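The next block holds one structure in the form of structure tokens; read it before the comments.
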Amino acid sequence: MLFEKYRHIVIEGPIGVGKTSLAKLMAERFNAELLLEQPQENPFLPKFYEDSARYALPTQLFFLFQRIGQLRDLAQRDFFESMVVSDFLLEKDRMFASLTLDEEELKLYQQIYQHQSPQTPTPDLVIYLQASPQILVERVHKRAIGYEQSITESYLAQLSEAYSRFFYHYDGAPLLIVNTEHLNPVDHPEDFDLLLSQIESMKGRREFFNWSE
């Protein structure tokens, strides 16, 4: 039923919340095509975490062109023959830009974004994963990616707040907001099954899943 109802699923959320791991797990379960961000290909990202003011713009523009390219390739194929699971939503790129760029850089970024006029496939479902900044810090440290270890709780708090504002206004696709404080669908199969059941039972365009043990 999930494959028939949702052919293109996007999983989103702040750094460390587990969106990529969940996307991989879901793609494996449903034999779906997996479309992932490639942060390791961005040469400016490690420098951004060391000096965000200096490297915010090139970091942001690299991600913008990378994401547009990935989604354009997807749009040109008949991907409806198979399910597609992705770990990024292009629209959130502007959210990051608003958070990291200064006023003049943001104007330049917006001009470039508008000039590109990206036409990308609309997801059938967006799953937005939430967690507190404290938990995000723990998860980031646990996965031990070198350049991420300098990420502060303050930055993750700002990022989480930006995501909350973004998805508060988001209406581009059906949205499931999932609190992952007590839900671990990646490491606990029973939690993954709970999440799938919640997805399959969705009736409206916006629902919340706040599982408590």
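Chain identifiers are assigned as A, B, and so on, following the order in which chains appear in the structure tokens; residues are numbered from 1 within each chain, and ligands are numbered from 1 in order of appearance.
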Would you tabulate, counting only C-alpha atoms, all residues of stretch 48-83 of chain A that have an atom at most 8 Å from an atom of stretch 116-135 of chain A, showing the closest pair of atoms and their distance in Å to one decimal, sorted by chain then ascending number, as JSON lines?
{"residue": "A:Ile68", "atom": "CA", "partner": "A:Pro118", "partner_atom": "CA", "distance": 6.5}
{"residue": "A:Leu71", "atom": "CA", "partner": "A:Thr120", "partner_atom": "CA", "distance": 5.8}
{"residue": "A:Arg72", "atom": "CA", "partner": "A:Thr120", "partner_atom": "CA", "distance": 6.2}
{"residue": "A:Leu74", "atom": "CA", "partner": "A:Pro121", "partner_atom": "CA", "distance": 7.8}
{"residue": "A:Ala75", "atom": "CA", "partner": "A:Pro121", "partner_atom": "CA", "distance": 5.9}
Could you dump the residues just selected with N, CA, C and O atoms as a short mmCIF file (atom, residue, chain, number, x, y, z; two decimals), in the first residue's frame?
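Final file, result.cif:
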data_model
loop_
_atom_site.label_atom_id
_atom_site.label_comp_id
_atom_site.auth_asym_id
_atom_site.auth_seq_id
_atom_site.Cartn_x
_atom_site.Cartn_y
_atom_site.Cartn_z
N ILE A 68 19.92 20.96 -7.31
CA ILE A 68 19.18 21.21 -8.55
C ILE A 68 19.56 20.17 -9.60
O ILE A 68 18.70 19.62 -10.30
N LEU A 71 17.94 16.72 -8.82
CA LEU A 71 16.49 16.68 -9.02
C LEU A 71 16.12 16.84 -10.48
O LEU A 71 15.12 16.29 -10.94
N ARG A 72 16.91 17.59 -11.23
CA ARG A 72 16.65 17.69 -12.67
C ARG A 72 16.87 16.35 -13.35
O ARG A 72 16.11 15.96 -14.24
N LEU A 74 16.45 13.52 -11.97
CA LEU A 74 15.32 12.69 -11.57
C LEU A 74 14.08 13.03 -12.38
O LEU A 74 13.35 12.14 -12.82
N ALA A 75 13.83 14.33 -12.59
CA ALA A 75 12.64 14.76 -13.32
C ALA A 75 12.66 14.29 -14.77
O ALA A 75 11.59 14.10 -15.38
#
Among chain A, which ones does DSSP place in strand (DSSP E or B), written as a PDB file with all heavy atoms, in the first residue's frame?
ATOM      1  N   HIS A   8       7.060   8.998  -4.235  1.00  0.00           N
ATOM      2  CA  HIS A   8       8.218   9.869  -4.030  1.00  0.00           C
ATOM      3  C   HIS A   8       8.158  10.425  -2.608  1.00  0.00           C
ATOM      4  O   HIS A   8       7.326  11.273  -2.303  1.00  0.00           O
ATOM      5  CB  HIS A   8       8.196  11.007  -5.062  1.00  0.00           C
ATOM      6  CG  HIS A   8       9.368  11.941  -4.969  1.00  0.00           C
ATOM      7  ND1 HIS A   8       9.416  13.141  -5.637  1.00  0.00           N
ATOM      8  CD2 HIS A   8      10.543  11.863  -4.279  1.00  0.00           C
ATOM      9  CE1 HIS A   8      10.549  13.756  -5.366  1.00  0.00           C
ATOM     10  NE2 HIS A   8      11.249  13.000  -4.545  1.00  0.00           N
ATOM     11  N   ILE A   9       9.016   9.902  -1.735  1.00  0.00           N
ATOM     12  CA  ILE A   9       9.033  10.294  -0.326  1.00  0.00           C
ATOM     13  C   ILE A   9      10.321  11.049  -0.027  1.00  0.00           C
ATOM     14  O   ILE A   9      11.414  10.612  -0.412  1.00  0.00           O
ATOM     15  CB  ILE A   9       8.924   9.062   0.593  1.00  0.00           C
ATOM     16  CG1 ILE A   9       7.567   8.377   0.395  1.00  0.00           C
ATOM     17  CG2 ILE A   9       9.102   9.459   2.051  1.00  0.00           C
ATOM     18  CD1 ILE A   9       7.397   7.106   1.214  1.00  0.00           C
ATOM     19  N   VAL A  10      10.190  12.176   0.650  1.00  0.00           N
ATOM     20  CA  VAL A  10      11.344  12.956   1.093  1.00  0.00           C
ATOM     21  C   VAL A  10      11.392  12.939   2.617  1.00  0.00           C
ATOM     22  O   VAL A  10      10.371  13.178   3.275  1.00  0.00           O
ATOM     23  CB  VAL A  10      11.269  14.416   0.593  1.00  0.00           C
ATOM     24  CG1 VAL A  10      12.352  15.254   1.254  1.00  0.00           C
ATOM     25  CG2 VAL A  10      11.418  14.469  -0.915  1.00  0.00           C
ATOM     26  N   ILE A  11      12.555  12.659   3.167  1.00  0.00           N
ATOM     27  CA  ILE A  11      12.749  12.678   4.619  1.00  0.00           C
ATOM     28  C   ILE A  11      13.657  13.853   4.942  1.00  0.00           C
ATOM     29  O   ILE A  11      14.756  13.967   4.392  1.00  0.00           O
ATOM     30  CB  ILE A  11      13.345  11.352   5.109  1.00  0.00           C
ATOM     31  CG1 ILE A  11      12.420  10.197   4.724  1.00  0.00           C
ATOM     32  CG2 ILE A  11      13.558  11.390   6.625  1.00  0.00           C
ATOM     33  CD1 ILE A  11      12.991   8.824   4.980  1.00  0.00           C
ATOM     34  N   GLU A  12      13.213  14.726   5.830  1.00  0.00           N
ATOM     35  CA  GLU A  12      13.943  15.955   6.138  1.00  0.00           C
ATOM     36  C   GLU A  12      14.107  16.141   7.643  1.00  0.00           C
ATOM     37  O   GLU A  12      13.446  15.487   8.437  1.00  0.00           O
ATOM     38  CB  GLU A  12      13.214  17.171   5.545  1.00  0.00           C
ATOM     39  CG  GLU A  12      13.785  17.652   4.223  1.00  0.00           C
ATOM     40  CD  GLU A  12      15.171  18.264   4.367  1.00  0.00           C
ATOM     41  OE1 GLU A  12      15.724  18.296   5.491  1.00  0.00           O
ATOM     42  OE2 GLU A  12      15.720  18.706   3.350  1.00  0.00           O
ATOM     43  N   GLU A  33      14.443   3.502  -5.286  1.00  0.00           N
ATOM     44  CA  GLU A  33      15.622   4.261  -5.677  1.00  0.00           C
ATOM     45  C   GLU A  33      15.945   5.255  -4.568  1.00  0.00           C
ATOM     46  O   GLU A  33      15.052   5.887  -3.999  1.00  0.00           O
ATOM     47  CB  GLU A  33      15.368   5.004  -6.985  1.00  0.00           C
ATOM     48  CG  GLU A  33      16.564   5.803  -7.458  1.00  0.00           C
ATOM     49  CD  GLU A  33      16.344   6.456  -8.812  1.00  0.00           C
ATOM     50  OE1 GLU A  33      15.313   6.173  -9.444  1.00  0.00           O
ATOM     51  OE2 GLU A  33      17.214   7.247  -9.227  1.00  0.00           O
ATOM     52  N   LEU A  34      17.231   5.415  -4.265  1.00  0.00           N
ATOM     53  CA  LEU A  34      17.672   6.270  -3.176  1.00  0.00           C
ATOM     54  C   LEU A  34      18.366   7.496  -3.740  1.00  0.00           C
ATOM     55  O   LEU A  34      19.314   7.383  -4.516  1.00  0.00           O
ATOM     56  CB  LEU A  34      18.618   5.485  -2.268  1.00  0.00           C
ATOM     57  CG  LEU A  34      19.050   6.126  -0.948  1.00  0.00           C
ATOM     58  CD1 LEU A  34      17.847   6.397  -0.043  1.00  0.00           C
ATOM     59  CD2 LEU A  34      20.045   5.225  -0.230  1.00  0.00           C
ATOM     60  N   LEU A  35      17.890   8.677  -3.345  1.00  0.00           N
ATOM     61  CA  LEU A  35      18.470   9.929  -3.796  1.00  0.00           C
ATOM     62  C   LEU A  35      18.943  10.701  -2.572  1.00  0.00           C
ATOM     63  O   LEU A  35      18.118  11.185  -1.784  1.00  0.00           O
ATOM     64  CB  LEU A  35      17.437  10.752  -4.577  1.00  0.00           C
ATOM     65  CG  LEU A  35      17.944  12.039  -5.228  1.00  0.00           C
ATOM     66  CD1 LEU A  35      18.948  11.726  -6.328  1.00  0.00           C
ATOM     67  CD2 LEU A  35      16.787  12.865  -5.777  1.00  0.00           C
ATOM     68  N   VAL A  84      10.792   6.304  -5.066  1.00  0.00           N
ATOM     69  CA  VAL A  84      11.989   7.095  -4.839  1.00  0.00           C
ATOM     70  C   VAL A  84      11.960   7.638  -3.415  1.00  0.00           C
ATOM     71  O   VAL A  84      10.948   8.202  -2.979  1.00  0.00           O
ATOM     72  CB  VAL A  84      12.098   8.268  -5.843  1.00  0.00           C
ATOM     73  CG1 VAL A  84      13.301   9.146  -5.512  1.00  0.00           C
ATOM     74  CG2 VAL A  84      12.188   7.759  -7.264  1.00  0.00           C
ATOM     75  N   VAL A  85      13.058   7.462  -2.688  1.00  0.00           N
ATOM     76  CA  VAL A  85      13.197   8.002  -1.333  1.00  0.00           C
ATOM     77  C   VAL A  85      14.409   8.927  -1.313  1.00  0.00           C
ATOM     78  O   VAL A  85      15.498   8.528  -1.736  1.00  0.00           O
ATOM     79  CB  VAL A  85      13.359   6.892  -0.277  1.00  0.00           C
ATOM     80  CG1 VAL A  85      13.473   7.495   1.120  1.00  0.00           C
ATOM     81  CG2 VAL A  85      12.187   5.908  -0.335  1.00  0.00           C
ATOM     82  N   SER A  86      14.205  10.139  -0.814  1.00  0.00           N
ATOM     83  CA  SER A  86      15.272  11.137  -0.800  1.00  0.00           C
ATOM     84  C   SER A  86      15.439  11.698   0.606  1.00  0.00           C
ATOM     85  O   SER A  86      14.509  11.662   1.419  1.00  0.00           O
ATOM     86  CB  SER A  86      14.930  12.263  -1.784  1.00  0.00           C
ATOM     87  OG  SER A  86      15.880  13.306  -1.700  1.00  0.00           O
ATOM     88  N   LEU A 125       5.002  12.718  -0.356  1.00  0.00           N
ATOM     89  CA  LEU A 125       4.996  12.805   1.106  1.00  0.00           C
ATOM     90  C   LEU A 125       6.346  13.330   1.581  1.00  0.00           C
ATOM     91  O   LEU A 125       7.387  12.910   1.083  1.00  0.00           O
ATOM     92  CB  LEU A 125       4.758  11.420   1.730  1.00  0.00           C
ATOM     93  CG  LEU A 125       4.846  11.333   3.253  1.00  0.00           C
ATOM     94  CD1 LEU A 125       3.701  12.112   3.909  1.00  0.00           C
ATOM     95  CD2 LEU A 125       4.824   9.883   3.725  1.00  0.00           C
ATOM     96  N   VAL A 126       6.292  14.255   2.542  1.00  0.00           N
ATOM     97  CA  VAL A 126       7.493  14.725   3.221  1.00  0.00           C
ATOM     98  C   VAL A 126       7.404  14.300   4.683  1.00  0.00           C
ATOM     99  O   VAL A 126       6.387  14.536   5.347  1.00  0.00           O
ATOM    100  CB  VAL A 126       7.648  16.253   3.129  1.00  0.00           C
ATOM    101  CG1 VAL A 126       8.856  16.721   3.944  1.00  0.00           C
ATOM    102  CG2 VAL A 126       7.795  16.690   1.677  1.00  0.00           C
ATOM    103  N   ILE A 127       8.459  13.663   5.186  1.00  0.00           N
ATOM    104  CA  ILE A 127       8.538  13.262   6.591  1.00  0.00           C
ATOM    105  C   ILE A 127       9.574  14.158   7.261  1.00  0.00           C
ATOM    106  O   ILE A 127      10.757  14.125   6.892  1.00  0.00           O
ATOM    107  CB  ILE A 127       8.934  11.783   6.737  1.00  0.00           C
ATOM    108  CG1 ILE A 127       7.935  10.887   6.003  1.00  0.00           C
ATOM    109  CG2 ILE A 127       9.025  11.390   8.213  1.00  0.00           C
ATOM    110  CD1 ILE A 127       8.361   9.431   5.933  1.00  0.00           C
ATOM    111  N   TYR A 128       9.129  14.955   8.198  1.00  0.00           N
ATOM    112  CA  TYR A 128      10.011  15.898   8.893  1.00  0.00           C
ATOM    113  C   TYR A 128      10.328  15.342  10.277  1.00  0.00           C
ATOM    114  O   TYR A 128       9.449  15.198  11.122  1.00  0.00           O
ATOM    115  CB  TYR A 128       9.325  17.261   8.970  1.00  0.00           C
ATOM    116  CG  TYR A 128       9.880  18.242   9.972  1.00  0.00           C
ATOM    117  CD1 TYR A 128      11.250  18.383  10.184  1.00  0.00           C
ATOM    118  CD2 TYR A 128       9.017  19.060  10.709  1.00  0.00           C
ATOM    119  CE1 TYR A 128      11.749  19.290  11.097  1.00  0.00           C
ATOM    120  CE2 TYR A 128       9.501  19.979  11.623  1.00  0.00           C
ATOM    121  CZ  TYR A 128      10.864  20.087  11.819  1.00  0.00           C
ATOM    122  OH  TYR A 128      11.359  20.994  12.733  1.00  0.00           O
ATOM    123  N   LEU A 129      11.601  15.005  10.506  1.00  0.00           N
ATOM    124  CA  LEU A 129      12.045  14.433  11.775  1.00  0.00           C
ATOM    125  C   LEU A 129      12.512  15.543  12.717  1.00  0.00           C
ATOM    126  O   LEU A 129      13.290  16.416  12.317  1.00  0.00           O
ATOM    127  CB  LEU A 129      13.191  13.440  11.544  1.00  0.00           C
ATOM    128  CG  LEU A 129      12.928  12.304  10.554  1.00  0.00           C
ATOM    129  CD1 LEU A 129      14.168  11.418  10.432  1.00  0.00           C
ATOM    130  CD2 LEU A 129      11.719  11.482  10.955  1.00  0.00           C
ATOM    131  N   GLN A 130      12.068  15.482  13.965  1.00  0.00           N
ATOM    132  CA  GLN A 130      12.443  16.466  14.975  1.00  0.00           C
ATOM    133  C   GLN A 130      13.194  15.797  16.123  1.00  0.00           C
ATOM    134  O   GLN A 130      12.982  14.622  16.424  1.00  0.00           O
ATOM    135  CB  GLN A 130      11.199  17.142  15.559  1.00  0.00           C
ATOM    136  CG  GLN A 130      10.411  18.000  14.608  1.00  0.00           C
ATOM    137  CD  GLN A 130       9.181  18.582  15.284  1.00  0.00           C
ATOM    138  OE1 GLN A 130       8.490  17.912  16.042  1.00  0.00           O
ATOM    139  NE2 GLN A 130       8.887  19.850  15.013  1.00  0.00           N
ATOM    140  N   LEU A 175       2.499  16.285   4.705  1.00  0.00           N
ATOM    141  CA  LEU A 175       3.607  16.372   5.656  1.00  0.00           C
ATOM    142  C   LEU A 175       3.308  15.559   6.915  1.00  0.00           C
ATOM    143  O   LEU A 175       2.256  15.728   7.536  1.00  0.00           O
ATOM    144  CB  LEU A 175       3.835  17.840   6.031  1.00  0.00           C
ATOM    145  CG  LEU A 175       4.918  18.134   7.077  1.00  0.00           C
ATOM    146  CD1 LEU A 175       6.296  17.786   6.544  1.00  0.00           C
ATOM    147  CD2 LEU A 175       4.869  19.611   7.488  1.00  0.00           C
ATOM    148  N   LEU A 176       4.253  14.699   7.285  1.00  0.00           N
ATOM    149  CA  LEU A 176       4.195  13.981   8.551  1.00  0.00           C
ATOM    150  C   LEU A 176       5.336  14.463   9.423  1.00  0.00           C
ATOM    151  O   LEU A 176       6.505  14.318   9.067  1.00  0.00           O
ATOM    152  CB  LEU A 176       4.304  12.469   8.333  1.00  0.00           C
ATOM    153  CG  LEU A 176       4.315  11.612   9.601  1.00  0.00           C
ATOM    154  CD1 LEU A 176       3.006  11.769  10.383  1.00  0.00           C
ATOM    155  CD2 LEU A 176       4.560  10.146   9.274  1.00  0.00           C
ATOM    156  N   ILE A 177       5.001  15.058  10.569  1.00  0.00           N
ATOM    157  CA  ILE A 177       6.000  15.572  11.505  1.00  0.00           C
ATOM    158  C   ILE A 177       6.213  14.529  12.588  1.00  0.00           C
ATOM    159  O   ILE A 177       5.270  14.140  13.281  1.00  0.00           O
ATOM    160  CB  ILE A 177       5.536  16.905  12.111  1.00  0.00           C
ATOM    161  CG1 ILE A 177       5.290  17.929  10.990  1.00  0.00           C
ATOM    162  CG2 ILE A 177       6.563  17.446  13.102  1.00  0.00           C
ATOM    163  CD1 ILE A 177       4.627  19.208  11.461  1.00  0.00           C
ATOM    164  N   VAL A 178       7.459  14.056  12.726  1.00  0.00           N
ATOM    165  CA  VAL A 178       7.755  12.939  13.628  1.00  0.00           C
ATOM    166  C   VAL A 178       8.729  13.391  14.709  1.00  0.00           C
ATOM    167  O   VAL A 178       9.839  13.842  14.403  1.00  0.00           O
ATOM    168  CB  VAL A 178       8.362  11.751  12.851  1.00  0.00           C
ATOM    169  CG1 VAL A 178       8.657  10.592  13.802  1.00  0.00           C
ATOM    170  CG2 VAL A 178       7.425  11.313  11.731  1.00  0.00           C
ATOM    171  N   ASN A 179       8.323  13.262  15.956  1.00  0.00           N
ATOM    172  CA  ASN A 179       9.220  13.523  17.083  1.00  0.00           C
ATOM    173  C   ASN A 179      10.044  12.256  17.336  1.00  0.00           C
ATOM    174  O   ASN A 179       9.489  11.201  17.661  1.00  0.00           O
ATOM    175  CB  ASN A 179       8.403  13.888  18.329  1.00  0.00           C
ATOM    176  CG  ASN A 179       9.273  14.326  19.485  1.00  0.00           C
ATOM    177  OD1 ASN A 179      10.386  13.855  19.646  1.00  0.00           O
ATOM    178  ND2 ASN A 179       8.769  15.207  20.317  1.00  0.00           N
ATOM    179  N   ARG A 206      -1.462  17.124   6.788  1.00  0.00           N
ATOM    180  CA  ARG A 206      -0.484  17.461   7.834  1.00  0.00           C
ATOM    181  C   ARG A 206      -0.860  16.680   9.098  1.00  0.00           C
ATOM    182  O   ARG A 206      -1.925  16.872   9.660  1.00  0.00           O
ATOM    183  CB  ARG A 206      -0.492  18.958   8.115  1.00  0.00           C
ATOM    184  CG  ARG A 206       0.417  19.391   9.281  1.00  0.00           C
ATOM    185  CD  ARG A 206       0.357  20.895   9.465  1.00  0.00           C
ATOM    186  NE  ARG A 206       0.996  21.586   8.368  1.00  0.00           N
ATOM    187  CZ  ARG A 206       2.215  22.107   8.413  1.00  0.00           C
ATOM    188  NH1 ARG A 206       2.917  22.021   9.529  1.00  0.00           N
ATOM    189  NH2 ARG A 206       2.723  22.713   7.369  1.00  0.00           N
ATOM    190  N   GLU A 207       0.064  15.827   9.540  1.00  0.00           N
ATOM    191  CA  GLU A 207      -0.183  15.046  10.750  1.00  0.00           C
ATOM    192  C   GLU A 207       1.077  15.012  11.602  1.00  0.00           C
ATOM    193  O   GLU A 207       2.198  15.219  11.105  1.00  0.00           O
ATOM    194  CB  GLU A 207      -0.619  13.619  10.400  1.00  0.00           C
ATOM    195  CG  GLU A 207      -1.981  13.568   9.715  1.00  0.00           C
ATOM    196  CD  GLU A 207      -2.510  12.154   9.574  1.00  0.00           C
ATOM    197  OE1 GLU A 207      -1.917  11.226  10.173  1.00  0.00           O
ATOM    198  OE2 GLU A 207      -3.531  11.986   8.870  1.00  0.00           O
ATOM    199  N   PHE A 208       0.881  14.753  12.897  1.00  0.00           N
ATOM    200  CA  PHE A 208       1.971  14.676  13.861  1.00  0.00           C
ATOM    201  C   PHE A 208       2.054  13.269  14.429  1.00  0.00           C
ATOM    202  O   PHE A 208       1.026  12.631  14.687  1.00  0.00           O
ATOM    203  CB  PHE A 208       1.755  15.672  15.009  1.00  0.00           C
ATOM    204  CG  PHE A 208       1.763  17.108  14.573  1.00  0.00           C
ATOM    205  CD1 PHE A 208       0.609  17.705  14.091  1.00  0.00           C
ATOM    206  CD2 PHE A 208       2.925  17.875  14.648  1.00  0.00           C
ATOM    207  CE1 PHE A 208       0.609  19.040  13.688  1.00  0.00           C
ATOM    208  CE2 PHE A 208       2.935  19.206  14.251  1.00  0.00           C
ATOM    209  CZ  PHE A 208       1.765  19.774  13.769  1.00  0.00           C
ATOM    210  N   PHE A 209       3.279  12.802  14.625  1.00  0.00           N
ATOM    211  CA  PHE A 209       3.496  11.505  15.260  1.00  0.00           C
ATOM    212  C   PHE A 209       4.460  11.718  16.405  1.00  0.00           C
ATOM    213  O   PHE A 209       5.669  11.926  16.209  1.00  0.00           O
ATOM    214  CB  PHE A 209       4.041  10.497  14.255  1.00  0.00           C
ATOM    215  CG  PHE A 209       4.196   9.101  14.804  1.00  0.00           C
ATOM    216  CD1 PHE A 209       3.323   8.594  15.746  1.00  0.00           C
ATOM    217  CD2 PHE A 209       5.214   8.278  14.347  1.00  0.00           C
ATOM    218  CE1 PHE A 209       3.461   7.310  16.246  1.00  0.00           C
ATOM    219  CE2 PHE A 209       5.370   6.985  14.831  1.00  0.00           C
ATOM    220  CZ  PHE A 209       4.488   6.509  15.788  1.00  0.00           C
ATOM    221  N   ASN A 210       3.945  11.696  17.607  1.00  0.00           N
ATOM    222  CA  ASN A 210       4.748  11.945  18.807  1.00  0.00           C
ATOM    223  C   ASN A 210       4.657  10.715  19.689  1.00  0.00           C
ATOM    224  O   ASN A 210       3.795  10.611  20.550  1.00  0.00           O
ATOM    225  CB  ASN A 210       4.238  13.193  19.540  1.00  0.00           C
ATOM    226  CG  ASN A 210       5.140  13.580  20.689  1.00  0.00           C
ATOM    227  OD1 ASN A 210       6.251  13.082  20.831  1.00  0.00           O
ATOM    228  ND2 ASN A 210       4.656  14.472  21.533  1.00  0.00           N
TER     229      ASN A 210
END
Give me the residues within 10 Å of A:Gly18 as a compact mmCIF listing (two decimals) with N, CA, C and O atoms, in the first residue's frame, counting only C-alpha atoms and dropping any in the same chain fewer than 3 places off.
# COMPACT_ATOMS: atom_id res chain seq x y z
N ILE A 11 12.56 12.66 3.17
CA ILE A 11 12.75 12.68 4.62
C ILE A 11 13.66 13.85 4.94
O ILE A 11 14.76 13.97 4.39
N GLU A 12 13.21 14.73 5.83
CA GLU A 12 13.94 15.96 6.14
C GLU A 12 14.11 16.14 7.64
O GLU A 12 13.45 15.49 8.44
N GLY A 13 14.99 17.08 7.99
CA GLY A 13 15.23 17.40 9.39
C GLY A 13 16.64 17.92 9.58
O GLY A 13 17.48 17.82 8.67
N PRO A 14 16.93 18.47 10.74
CA PRO A 14 18.24 19.07 10.98
C PRO A 14 19.36 18.05 11.06
O PRO A 14 19.13 16.84 11.15
N ILE A 15 20.58 18.55 11.04
CA ILE A 15 21.77 17.71 11.10
C ILE A 15 21.71 16.79 12.33
O ILE A 15 21.44 17.25 13.45
N SER A 21 19.85 8.00 7.38
CA SER A 21 19.76 6.60 7.81
C SER A 21 18.36 6.06 7.59
O SER A 21 18.18 4.91 7.14
N LEU A 22 17.34 6.87 7.89
CA LEU A 22 15.97 6.42 7.68
C LEU A 22 15.66 6.29 6.19
O LEU A 22 14.97 5.34 5.79
N ALA A 23 16.16 7.20 5.39
CA ALA A 23 15.94 7.11 3.94
C ALA A 23 16.54 5.82 3.39
O ALA A 23 15.92 5.13 2.57
N ASP A 87 16.64 12.25 0.88
CA ASP A 87 16.88 12.84 2.20
C ASP A 87 17.04 14.36 2.12
O ASP A 87 17.63 14.96 3.01
N LEU A 129 11.60 15.00 10.51
CA LEU A 129 12.05 14.43 11.77
C LEU A 129 12.51 15.54 12.72
O LEU A 129 13.29 16.42 12.32
N GLN A 130 12.07 15.48 13.96
CA GLN A 130 12.44 16.47 14.98
C GLN A 130 13.19 15.80 16.12
O GLN A 130 12.98 14.62 16.42
N ALA A 131 14.06 16.58 16.78
CA ALA A 131 14.71 16.17 18.03
C ALA A 131 15.24 17.44 18.69
O ALA A 131 15.47 18.45 18.02
N LEU A 136 20.44 16.15 19.25
CA LEU A 136 21.15 16.29 17.97
C LEU A 136 22.65 16.32 18.18
O LEU A 136 23.41 15.69 17.43
N ARG A 139 23.91 12.84 18.84
CA ARG A 139 23.91 12.02 17.64
C ARG A 139 25.03 12.43 16.69
O ARG A 139 25.66 11.58 16.04
N VAL A 140 25.29 13.73 16.56
CA VAL A 140 26.37 14.20 15.71
C VAL A 140 27.71 13.70 16.23
O VAL A 140 28.55 13.21 15.47
N THR A 180 11.35 12.37 17.18
CA THR A 180 12.22 11.19 17.31
C THR A 180 12.90 11.09 18.68
O THR A 180 13.84 10.31 18.83
N ASN A 184 13.17 5.38 17.55
CA ASN A 184 14.43 5.10 16.85
C ASN A 184 14.16 4.08 15.75
O ASN A 184 14.44 2.89 15.90
N PRO A 185 13.59 4.52 14.62
CA PRO A 185 13.22 3.58 13.57
C PRO A 185 14.41 2.96 12.86
O PRO A 185 14.25 1.93 12.18
N VAL A 186 15.58 3.53 13.00
CA VAL A 186 16.76 2.99 12.33
C VAL A 186 17.32 1.78 13.07
O VAL A 186 17.65 0.76 12.48
Contacts of A:Pro189 at 12 Å (only C-alpha atoms; same-chain gap of 6+ positions) as an mmCIF file with C-alpha atoms, in the first residue's frame:
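This is the output file result39.cif:
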data_model
loop_
_atom_site.group_PDB
_atom_site.id
_atom_site.type_symbol
_atom_site.label_atom_id
_atom_site.label_comp_id
_atom_site.auth_asym_id
_atom_site.auth_seq_id
_atom_site.Cartn_x
_atom_site.Cartn_y
_atom_site.Cartn_z
ATOM 1 C CA LEU A 22 15.965 6.421 7.681
ATOM 2 C CA LEU A 25 16.324 1.897 5.544
ATOM 3 C CA MET A 26 13.076 2.791 3.798
ATOM 4 C CA ARG A 29 12.583 -2.128 2.675
ATOM 5 C CA LEU A 183 11.456 6.790 18.497
ATOM 6 C CA LEU A 195 6.341 4.686 11.664
ATOM 7 C CA LEU A 196 5.240 2.801 8.553
#
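Between A:Leu106 and the candidates A:Pro58, A:Met83, A:Asp191, A:Ala27, the tightest atom-to-atom separation, counting only C-alpha atoms, involves A:Pro58.
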